[in-house]
Amino acid sequence: QSLVPCTMFASSVLLGRKYSLKQLVGAGVILTGAVVVVSSDYVSITKTEQASQFAALIYWSSNIPMSLSSVYKEYRFGAYQINTIYLTQQVSIYQFFFGFLFAPIETIPGIATRKGVPFSYLVTDFMQRSIDFLHGSRNALFLLSYVAANFTLNTTGLFVTKLGGAALTAVAYSILVPCSTLAFSAPCLASFREPLRLETIFGLLLVFFGFVLYEFDDIRITCLSQTRSQPEAMPLHSLLPAS
């Protein structure tokens, strides 16, 4: 959720974007809701899990290039006519190749695991997963479903960036954390199911409230414009035939 302040700061510095008090408070409420959702997990972490905080710091640092990328896309969308589907395809191609280039980083201790993943395991695991996918296993269906969902998410995010800006995209993405936490309590997950806690529901409500507060002015303007655009009701006597 720290993507929200990172993106707001980047768009303010690079694009000169100004934010109202409601938007700043709304962003703060969203961050508070996200903290509430993960608070119980953070308190209950073990000493072994504390050793992976370095990896969490690296993961958090990904907010910096993500926010800069989103702000740059907003700038380009404003200066040029760019097809959103085409841009999604280009981004996917780069992600595909860079994913393989960065795979050896998992061998560094503290990144993927405490001792690092052996490079030979990365190769054999990739080959085995590829064979399972070609044979049409159940995991192949899950992988295709994930790709479809991820493609939809990325394309929708680009549409939001194009029409509403980078900061709005980050705010919209913030709803994913409480919603995904809520989804993990679904009975269909069987052994992977996690208990539904009161903090999750309360945090979800806070995030939604912060989102509405952030977009309050735009929602109000949209409602007013729709009300004014509706045709006025014709008086009843105008519908009667002339005598």
# chains A, B, ... in the order shown; residues from 1 in each chain; ligands from 1
>>> select_by_dssp(residues="range 15-226 of chain A", states="alpha helix (DSSP H)", output="PyMOL selection string")
chain A and resi 21-43+47-50+53-61+63-79+84-101+119-134+138-164+166-173+176-183+198-214+216-226
>>> residues_around(residues="Phe202 in chain A", least_positions_apart="2", cutoff="8 Å", atoms="only C-alpha atoms", output="compact mmCIF listing (two decimals) with N, CA, C and O atoms, in the first residue's frame")
# COMPACT_ATOMS: atom_id res chain seq x y z
N GLY A 33 -6.06 1.31 6.70
CA GLY A 33 -6.81 0.08 6.49
C GLY A 33 -5.92 -1.08 6.12
O GLY A 33 -6.12 -2.21 6.61
N VAL A 36 -4.11 -2.29 9.20
CA VAL A 36 -5.01 -3.06 10.06
C VAL A 36 -5.15 -4.49 9.56
O VAL A 36 -5.16 -5.45 10.35
N VAL A 37 -5.21 -4.67 8.24
CA VAL A 37 -5.38 -6.01 7.67
C VAL A 37 -4.19 -6.90 7.99
O VAL A 37 -4.35 -8.07 8.35
N LEU A 198 -11.60 -10.39 12.22
CA LEU A 198 -12.32 -9.12 12.30
C LEU A 198 -11.47 -7.99 11.74
O LEU A 198 -12.00 -7.05 11.15
N GLU A 199 -10.14 -8.09 11.89
CA GLU A 199 -9.26 -7.04 11.37
C GLU A 199 -9.36 -6.94 9.86
O GLU A 199 -9.26 -5.84 9.30
N THR A 200 -9.57 -8.08 9.18
CA THR A 200 -9.68 -8.06 7.73
C THR A 200 -10.91 -7.29 7.27
O THR A 200 -10.85 -6.46 6.37
N LEU A 204 -10.86 -3.72 5.39
CA LEU A 204 -11.50 -3.59 4.09
C LEU A 204 -12.44 -2.40 4.06
O LEU A 204 -12.49 -1.63 3.08
N LEU A 205 -13.21 -2.22 5.12
CA LEU A 205 -14.12 -1.08 5.21
C LEU A 205 -13.34 0.24 5.21
O LEU A 205 -13.75 1.22 4.58
N LEU A 206 -12.21 0.27 5.91
CA LEU A 206 -11.39 1.48 5.93
C LEU A 206 -10.84 1.81 4.54
O LEU A 206 -10.83 2.97 4.12
>>> closest_residue(among="A:Leu101, A:Ile64, A:Leu168, A:Val123", to="Arg17 in chain A", atoms="only C-alpha atoms")
A:Leu168
>>> residues_around(residues="range 176-191 of chain A", least_positions_apart="4", cutoff="8 Å", atoms="only C-alpha atoms", output="PyMOL selection string")
chain A and resi 1+34+37+172+195-196+200-201+203-204+207
>>> atom_distance(atom1="CA of Thr161 in chain A", atom2="CA of Val71 in chain A")
8.5 Å
>>> atom_distance(atom1="CA of Met66 in chain A", atom2="CA of Gly157 in chain A")
12.2 Å
>>> closest_residue(among="A:Thr113, A:Val4, A:Ile108, A:Leu143", to="Leu24 in chain A", atoms="only C-alpha atoms")
A:Val4
>>> residues_around(residues="Leu87 in chain A", least_positions_apart="3", cutoff="12 Å", atoms="only C-alpha atoms", output="list in words")
Lys73, Arg76, Phe77, Gln81, Ile82, Asn83, Thr84, Gln90, Val91, Ser92, Ile93, Tyr94, Phe151, Asn154, Thr155, Thr156, Gly157, Leu158, Phe159 and Lys162 of chain A
>>> atom_distance(atom1="CA of Ala112 in chain A", atom2="CA of Gly136 in chain A")
27.9 Å
>>> residues_around(residues="Gln128 in chain A", least_positions_apart="6", cutoff="12 Å", atoms="only C-alpha atoms", output="list in words")
Tyr121, Leu122, Leu134, His135, Ser137 and Asn139 of chain A
>>> residues_around(residues="Phe211 in chain A", least_positions_apart="5", cutoff="9 Å", atoms="only C-alpha atoms", output="MDAnalysis selection string")
chainID A and resid 23 26:27 29:30 171:172 174:175 206 216
>>> write_last_selection(atoms="all heavy atoms", output="short mmCIF file (atom, residue, chain, number, x, y, z; two decimals), in the first residue's frame")
data_model
loop_
_atom_site.label_atom_id
_atom_site.label_comp_id
_atom_site.auth_asym_id
_atom_site.auth_seq_id
_atom_site.Cartn_x
_atom_site.Cartn_y
_atom_site.Cartn_z
N GLN A 23 -8.19 14.21 -0.64
CA GLN A 23 -7.40 13.16 -1.27
C GLN A 23 -6.25 12.71 -0.36
O GLN A 23 -5.96 11.51 -0.27
CB GLN A 23 -6.86 13.65 -2.61
CG GLN A 23 -7.93 13.81 -3.67
CD GLN A 23 -7.39 14.39 -4.96
OE1 GLN A 23 -6.55 15.30 -4.95
NE2 GLN A 23 -7.84 13.87 -6.08
N GLY A 26 -7.83 10.73 2.41
CA GLY A 26 -8.27 9.45 1.86
C GLY A 26 -7.12 8.48 1.68
O GLY A 26 -7.24 7.29 2.00
N ALA A 27 -5.98 8.98 1.18
CA ALA A 27 -4.80 8.12 1.03
C ALA A 27 -4.31 7.63 2.38
O ALA A 27 -3.90 6.47 2.53
CB ALA A 27 -3.69 8.88 0.30
N VAL A 29 -6.18 7.16 5.06
CA VAL A 29 -7.14 6.15 5.54
C VAL A 29 -6.90 4.81 4.86
O VAL A 29 -6.99 3.75 5.48
CB VAL A 29 -8.58 6.64 5.31
CG1 VAL A 29 -9.59 5.54 5.65
CG2 VAL A 29 -8.86 7.89 6.14
N ILE A 30 -6.56 4.85 3.57
CA ILE A 30 -6.27 3.61 2.84
C ILE A 30 -5.06 2.91 3.44
O ILE A 30 -5.06 1.68 3.65
CB ILE A 30 -6.04 3.93 1.35
CG1 ILE A 30 -7.35 4.34 0.69
CG2 ILE A 30 -5.44 2.72 0.62
CD1 ILE A 30 -7.18 4.84 -0.73
N VAL A 171 -4.28 4.03 -5.92
CA VAL A 171 -5.36 3.99 -4.93
C VAL A 171 -6.29 2.81 -5.22
O VAL A 171 -6.73 2.10 -4.31
CB VAL A 171 -6.13 5.32 -4.92
CG1 VAL A 171 -7.40 5.21 -4.08
CG2 VAL A 171 -5.25 6.44 -4.38
N ALA A 172 -6.61 2.61 -6.50
CA ALA A 172 -7.49 1.49 -6.86
C ALA A 172 -6.83 0.14 -6.55
O ALA A 172 -7.50 -0.80 -6.09
CB ALA A 172 -7.85 1.58 -8.34
N SER A 174 -4.93 -0.46 -4.19
CA SER A 174 -4.86 -0.67 -2.75
C SER A 174 -6.01 -1.54 -2.24
O SER A 174 -5.92 -2.13 -1.16
CB SER A 174 -4.88 0.68 -2.02
OG SER A 174 -6.12 1.34 -2.22
N ILE A 175 -7.07 -1.63 -3.01
CA ILE A 175 -8.20 -2.47 -2.60
C ILE A 175 -7.86 -3.95 -2.72
O ILE A 175 -8.50 -4.80 -2.10
CB ILE A 175 -9.44 -2.13 -3.45
CG1 ILE A 175 -9.76 -0.64 -3.35
CG2 ILE A 175 -10.65 -2.93 -3.05
CD1 ILE A 175 -10.93 -0.19 -4.19
N LEU A 206 -12.21 0.27 5.91
CA LEU A 206 -11.39 1.48 5.93
C LEU A 206 -10.84 1.81 4.54
O LEU A 206 -10.83 2.97 4.12
CB LEU A 206 -10.23 1.31 6.92
CG LEU A 206 -10.53 1.54 8.40
CD1 LEU A 206 -9.27 1.30 9.23
CD2 LEU A 206 -11.05 2.96 8.63
N PHE A 216 -14.05 11.61 -3.73
CA PHE A 216 -15.32 12.24 -3.36
C PHE A 216 -15.68 13.37 -4.31
O PHE A 216 -16.82 13.44 -4.79
CB PHE A 216 -15.23 12.77 -1.92
CG PHE A 216 -16.48 13.50 -1.47
CD1 PHE A 216 -17.60 12.79 -1.07
CD2 PHE A 216 -16.54 14.89 -1.49
CE1 PHE A 216 -18.75 13.45 -0.66
CE2 PHE A 216 -17.69 15.56 -1.10
CZ PHE A 216 -18.80 14.84 -0.68
#
>>> residues_around(residues="Leu3 in chain A", least_positions_apart="6", cutoff="10 Å", atoms="only C-alpha atoms", output="compact mmCIF listing (two decimals) with C-alpha atoms, in the first residue's frame")
# COMPACT_ATOMS: atom_id res chain seq x y z
CA PHE A 9 4.90 12.06 -4.41
CA LEU A 31 -2.82 3.08 4.34
CA TRP A 60 8.97 -2.76 -0.75
CA SER A 61 11.63 -0.98 -2.80
CA SER A 62 9.81 -2.17 -5.94
CA ASN A 63 7.30 0.60 -5.20
CA ILE A 64 9.85 3.15 -6.42
CA PRO A 65 10.20 1.89 -10.03
CA MET A 66 6.50 0.99 -10.10
CA SER A 67 5.46 4.52 -9.15
CA ALA A 167 -2.22 8.16 -8.35
CA THR A 169 -4.37 3.63 -10.23
CA ALA A 170 -2.32 3.18 -7.06
CA VAL A 171 -5.36 3.99 -4.93
CA TYR A 173 -4.81 -1.21 -6.51
CA SER A 174 -4.86 -0.67 -2.75
